[in-house]
$ cat protein13.cif   # mmCIF, C-alpha atoms and all ligand atoms
data_model
#
loop_
_atom_site.label_atom_id
_atom_site.label_comp_id
_atom_site.auth_asym_id
_atom_site.auth_seq_id
_atom_site.Cartn_x
_atom_site.Cartn_y
_atom_site.Cartn_z
CA LYS A 1 -6.51 6.73 14.95
CA ASN A 2 -3.50 4.49 14.63
CA ILE A 3 -2.01 3.76 11.22
CA VAL A 4 0.43 0.88 10.80
CA ILE A 5 2.39 0.79 7.52
CA LEU A 6 4.01 -2.36 6.12
CA ILE A 7 6.95 -2.05 3.73
CA SER A 8 9.53 -4.27 2.07
CA GLY A 9 11.87 -1.76 0.47
CA ARG A 10 12.38 1.87 -0.42
CA GLY A 11 9.20 3.05 1.24
CA SER A 12 8.51 6.14 -0.84
CA ASN A 13 4.74 5.63 -0.53
CA MET A 14 5.14 5.28 3.23
CA GLU A 15 7.09 8.57 3.23
CA ALA A 16 4.32 10.31 1.28
CA ILE A 17 1.75 9.08 3.82
CA VAL A 18 3.88 10.12 6.82
CA LYS A 19 4.36 13.59 5.36
CA ALA A 20 0.69 14.06 4.40
CA CYS A 21 -0.48 12.91 7.84
CA ALA A 22 1.70 15.58 9.48
CA ALA A 23 1.19 18.37 6.95
CA GLU A 24 -2.58 17.98 6.70
CA GLY A 25 -3.20 17.33 10.40
CA TRP A 26 -5.04 14.04 10.00
CA PRO A 27 -6.91 12.79 13.06
CA ALA A 28 -4.34 9.98 13.11
CA ARG A 29 -0.76 9.06 13.82
CA ILE A 30 1.65 6.63 12.23
CA ALA A 31 1.89 4.12 15.07
CA ALA A 32 4.54 1.94 13.44
CA VAL A 33 6.35 1.03 10.24
CA ILE A 34 6.93 -2.72 9.94
CA SER A 35 9.19 -4.40 7.40
CA ASN A 36 9.70 -8.03 6.41
CA ARG A 37 13.21 -7.19 5.16
CA PRO A 38 16.04 -6.05 7.45
CA GLY A 39 17.54 -3.82 4.74
CA ALA A 40 14.37 -1.95 3.80
CA GLY A 41 15.39 1.65 3.11
CA GLY A 42 12.16 3.00 4.52
CA LEU A 43 13.00 1.84 8.05
CA ALA A 44 15.66 4.54 8.38
CA PHE A 45 13.26 7.27 7.28
CA ALA A 46 10.66 6.10 9.81
CA ALA A 47 13.19 5.95 12.65
CA GLU A 48 14.51 9.42 11.81
CA HIS A 49 10.95 10.71 12.08
CA GLY A 50 10.44 9.22 15.53
CA ILE A 51 8.14 6.46 14.32
CA ALA A 52 8.33 3.04 15.96
CA THR A 53 9.80 0.42 13.62
CA ALA A 54 9.69 -3.35 13.71
CA LEU A 55 11.12 -6.16 11.67
CA VAL A 56 9.33 -9.45 11.04
CA ASP A 57 11.78 -11.25 8.76
CA HIS A 58 9.92 -13.83 6.67
CA LYS A 59 13.16 -15.76 6.24
CA ALA A 60 13.06 -16.64 9.94
CA PHE A 61 9.86 -18.64 9.42
CA ALA A 62 9.64 -22.02 7.74
CA GLU A 63 5.98 -21.63 6.92
CA ARG A 64 3.82 -18.80 5.66
CA ALA A 65 1.23 -19.39 8.38
CA ALA A 66 3.80 -18.89 11.14
CA PHE A 67 5.07 -15.68 9.52
CA ASP A 68 1.52 -14.37 9.13
CA THR A 69 0.72 -15.16 12.76
CA GLU A 70 3.78 -13.32 14.05
CA LEU A 71 3.22 -10.40 11.68
CA ALA A 72 -0.40 -10.11 12.84
CA ARG A 73 0.73 -10.21 16.48
CA VAL A 74 3.24 -7.40 15.97
CA ILE A 75 0.73 -5.31 14.01
CA GLN A 76 -1.95 -5.80 16.69
CA SER A 77 0.48 -4.68 19.38
CA TYR A 78 0.21 -1.19 17.87
CA ALA A 79 -3.63 -1.25 18.08
CA PRO A 80 -4.11 -0.25 14.45
CA ASP A 81 -7.29 1.24 13.04
CA VAL A 82 -5.84 1.18 9.54
CA VAL A 83 -3.14 -1.09 8.10
CA VAL A 84 -1.40 0.14 4.95
CA LEU A 85 0.58 -2.10 2.60
CA ALA A 86 3.13 0.16 0.88
CA GLY A 87 5.39 -1.85 -1.38
CA PHE A 88 4.94 -4.84 0.92
CA MET A 89 5.99 -7.80 -1.20
CA ARG A 90 4.55 -10.78 0.68
CA ILE A 91 1.25 -12.43 -0.11
CA LEU A 92 -0.89 -12.57 3.02
CA SER A 93 -3.12 -15.50 3.95
CA ALA A 94 -6.90 -15.30 3.85
CA ASP A 95 -7.05 -15.53 7.66
CA PHE A 96 -4.69 -12.58 8.00
CA VAL A 97 -6.68 -10.51 5.51
CA ARG A 98 -9.95 -11.33 7.29
CA ALA A 99 -8.51 -10.19 10.63
CA PHE A 100 -8.12 -6.69 9.18
CA ASP A 101 -11.19 -6.72 6.96
CA GLY A 102 -12.19 -3.27 5.75
CA ARG A 103 -9.16 -1.52 7.21
CA LEU A 104 -6.35 -3.05 5.12
CA LEU A 105 -5.22 -1.06 2.06
CA ASN A 106 -2.82 -1.78 -0.77
CA ILE A 107 -1.41 0.17 -3.71
CA HIS A 108 -0.80 -1.67 -6.93
CA PRO A 109 1.11 -0.14 -9.85
CA SER A 110 -1.43 -0.85 -12.60
CA LEU A 111 -4.96 0.12 -13.52
CA LEU A 112 -6.69 -2.85 -11.93
CA PRO A 113 -8.31 -5.13 -12.92
CA ALA A 114 -5.59 -5.06 -15.61
CA PHE A 115 -2.26 -6.61 -14.65
CA PRO A 116 -2.59 -8.00 -11.14
CA GLY A 117 0.66 -9.53 -9.88
CA LEU A 118 4.26 -8.64 -10.68
CA HIS A 119 6.06 -6.73 -13.49
CA THR A 120 3.04 -4.56 -14.23
CA HIS A 121 4.88 -1.82 -16.15
CA GLN A 122 6.73 -4.26 -18.37
CA ARG A 123 3.48 -6.07 -19.11
CA ALA A 124 1.69 -2.79 -19.91
CA LEU A 125 4.49 -1.85 -22.34
CA GLU A 126 4.43 -5.28 -23.97
CA ALA A 127 0.65 -5.07 -24.38
CA GLY A 128 0.98 -1.72 -26.17
CA CYS A 129 -1.12 0.11 -23.58
CA LYS A 130 -1.45 3.83 -24.22
CA VAL A 131 -2.18 4.59 -20.57
CA ALA A 132 -0.92 3.09 -17.33
CA GLY A 133 -1.37 3.97 -13.69
CA ALA A 134 -1.90 2.83 -10.15
CA THR A 135 -4.77 1.62 -7.99
CA VAL A 136 -5.45 1.88 -4.26
CA HIS A 137 -7.78 -0.88 -3.11
CA LEU A 138 -9.09 -2.64 -0.05
CA VAL A 139 -7.31 -5.94 0.42
CA THR A 140 -9.32 -9.13 0.03
CA PRO A 141 -7.98 -12.69 0.04
CA GLU A 142 -7.67 -12.71 -3.76
CA LEU A 143 -4.41 -10.96 -4.73
CA ASP A 144 -4.85 -7.46 -6.21
CA HIS A 145 -8.63 -7.84 -6.53
CA GLY A 146 -10.23 -5.88 -3.68
CA PRO A 147 -12.69 -2.98 -3.98
CA ILE A 148 -11.09 -0.01 -5.76
CA ILE A 149 -10.77 3.23 -3.77
CA ALA A 150 -8.70 5.44 -6.07
CA GLN A 151 -6.84 5.30 -9.35
CA ALA A 152 -4.45 7.57 -11.22
CA VAL A 153 -3.77 7.43 -14.95
CA VAL A 154 -0.61 8.44 -16.79
CA PRO A 155 0.17 8.31 -20.52
CA VAL A 156 2.53 5.70 -21.92
CA LEU A 157 4.93 7.72 -24.09
CA PRO A 158 6.94 6.63 -27.13
CA GLY A 159 10.29 5.26 -26.04
CA ASP A 160 9.13 4.48 -22.51
CA SER A 161 11.04 1.85 -20.57
CA GLU A 162 9.99 0.11 -17.39
CA ALA A 163 12.09 2.71 -15.52
CA THR A 164 10.56 5.81 -17.11
CA LEU A 165 7.02 4.50 -16.91
CA SER A 166 7.31 3.34 -13.31
CA ALA A 167 8.77 6.73 -12.31
CA ARG A 168 5.84 8.54 -13.95
CA VAL A 169 3.35 6.29 -12.17
CA LEU A 170 5.15 6.60 -8.81
CA VAL A 171 4.66 10.38 -8.76
CA ARG A 172 0.92 9.79 -8.97
CA GLU A 173 1.03 6.98 -6.38
CA HIS A 174 2.34 9.52 -3.91
CA GLU A 175 -0.78 11.63 -4.55
CA ILE A 176 -3.52 9.02 -4.48
CA TYR A 177 -2.26 6.82 -1.65
CA PRO A 178 -2.17 9.48 1.08
CA ARG A 179 -5.56 10.73 -0.11
CA ALA A 180 -7.10 7.26 0.10
CA VAL A 181 -5.61 6.59 3.54
CA ARG A 182 -7.00 9.88 4.78
CA TRP A 183 -10.46 8.98 3.47
CA LEU A 184 -10.34 5.70 5.39
CA VAL A 185 -9.01 7.38 8.54
CA GLN A 186 -11.79 9.97 8.34
CA ASP A 187 -14.48 7.32 7.83
CA GLU A 188 -15.34 8.71 4.42
CA LEU A 189 -15.55 5.40 2.57
CA ALA A 190 -18.64 3.27 2.13
CA VAL A 191 -18.42 -0.21 0.64
CA GLU A 192 -21.46 -1.85 -0.85
CA ASN A 193 -21.47 -4.97 -3.02
CA GLY A 194 -17.71 -4.67 -3.46
CA LEU A 195 -17.90 -1.09 -4.71
CA VAL A 196 -16.44 1.87 -2.83
CA THR A 197 -18.02 5.31 -2.63
CA GLN A 198 -16.27 8.29 -1.09
CA LEU A 199 -18.83 10.07 1.06
CA GLN A 200 -17.53 13.62 1.41
CA GLY A 201 -15.98 15.36 -1.57
CA ARG A 202 -12.48 16.56 -1.00
C1 LIG B 301 5.24 0.93 -5.71
O1 LIG B 301 5.32 1.08 -7.10
C2 LIG B 301 3.99 0.18 -5.34
O2 LIG B 301 2.92 0.47 -6.17
C3 LIG B 301 4.43 -1.24 -5.54
O3 LIG B 301 5.75 -1.29 -5.11
C4 LIG B 301 6.33 0.00 -5.20
C5 LIG B 301 6.80 0.37 -3.82
O4 LIG B 301 7.53 1.55 -3.82
N1 LIG B 301 3.54 -2.15 -4.87
P1 LIG B 301 7.90 2.25 -2.43
O5 LIG B 301 8.54 1.19 -1.55
O6 LIG B 301 6.63 2.78 -1.84
O7 LIG B 301 8.86 3.33 -2.79
#
$ encode --input "protein13.cif" --output "structure tokens" --more "lines below"
Ligand code: GRF
Amino acid sequence: KNIVILISGRGSNMEAIVKACAAEGWPARIAAVISNRPGAGGLAFAAEHGIATALVDHKAFAERAAFDTELARVIQSYAPDVVVLAGFMRILSADFVRAFDGRLLNIHPSLLPAFPGLHTHQRALEAGCKVAGATVHLVTPELDHGPIIAQAVVPVLPGDSEATLSARVLVREHEIYPRAVRWLVQDELAVENGLVTQLQGR
């Protein structure tokens, strides 16, 4: 199967997926890593690992619809079975999401449905949360609201800052995201009434 990964920056989740795919011998390959930002750090990692890279710079498009159309065209050129958003910081249109229905994943750094949107760690700290975490979900047109595939929980510790909390969560992101992608690649996920069940225990 072909996996296409979309990034906007550092790409540490993309790296974790690339490494797990190779180390665990998934029945899949990373067909391409696509960024909407020319300076995304993750592009260099992908290129060094022999993975095709592409840039679709949102700044080159006056309208969201035109960007989405070009992005979809580039993604489709790699014949993806699974499309993975890994720190991809653009909101995608409903038409785009529908085109990849059921095979488009995102990771969000909060325990959804708490804290959709930006600045999740800061908001968790301000709310006095005692736990925080991350969620892998199927992407639906409503931002950060799709069916939940996997979550990881970490404690919020006294004295935590956005930096310390986000670092603690990121370690767990790198565990749950590759696992969830593998489940999808191996056809181990069933979705019914917006709820996801993993079919074979791993
Ligand atoms: C991660 O925390 C992810 O949950 C969020 O953006 C960050 C991306 O980090 N959506 P990286 O680019 O994968 O290192």
$ closest_atom_pairs --input "protein13.cif" --of "stretch 29-119 of chain A" --to "stretch 180-198 of chain A" --cutoff "12 Å" --atoms "only C-alpha atoms" --output "CSV"
residue,atom,partner,partner_atom,distance
A:Arg29,CA,A:Val185,CA,9.9
A:Ile30,CA,A:Val185,CA,11.3
A:Pro80,CA,A:Val185,CA,10.8
A:Asp81,CA,A:Val185,CA,7.8
A:Val82,CA,A:Val185,CA,7.0
A:Val83,CA,A:Val181,CA,9.3
A:Val84,CA,A:Val181,CA,7.8
A:Leu85,CA,A:Val181,CA,10.7
A:Ala86,CA,A:Val181,CA,11.2
A:Asp101,CA,A:Val191,CA,11.6
A:Gly102,CA,A:Val191,CA,8.6
A:Arg103,CA,A:Leu184,CA,7.5
A:Leu104,CA,A:Leu184,CA,9.6
A:Leu105,CA,A:Val181,CA,7.8
A:Asn106,CA,A:Val181,CA,9.8
A:Ile107,CA,A:Ala180,CA,9.9
$ residues_near_ligand --input "protein13.cif" --ligand "ligand LIG 301 (chain B)" --cutoff "7 Å" --atoms "only C-alpha atoms and all ligand atoms" --output "list in words"
Ile7, Ser8, Gly9, Arg10, Gly11, Ser12, Asn13, Met14, Ala86, Gly87, Phe88, Ile107, His108, Pro109, Ala134, Ser166, Leu170 and Glu173 of chain A
$ closest_residue --input "protein13.cif" --among "A:Val156, A:Ala16, A:Val56, A:Ala32" --to "A:Gln122" --atoms "only C-alpha atoms"
A:Val156
$ residues_near_point --input "protein13.cif" --point "(14.1, -1.1, 11.3)" --cutoff "8 Å" --atoms "only C-alpha atoms" --output "list in words"
Ile34, Ser35, Pro38, Gly39, Ala40, Leu43, Ala44, Ala47, Thr53, Ala54 and Leu55 of chain A
$ closest_residue --input "protein13.cif" --among "A:Arg73, A:Arg98, A:Arg90, A:His137" --to "A:Leu118" --atoms "all atoms listed in the file"
A:Arg90
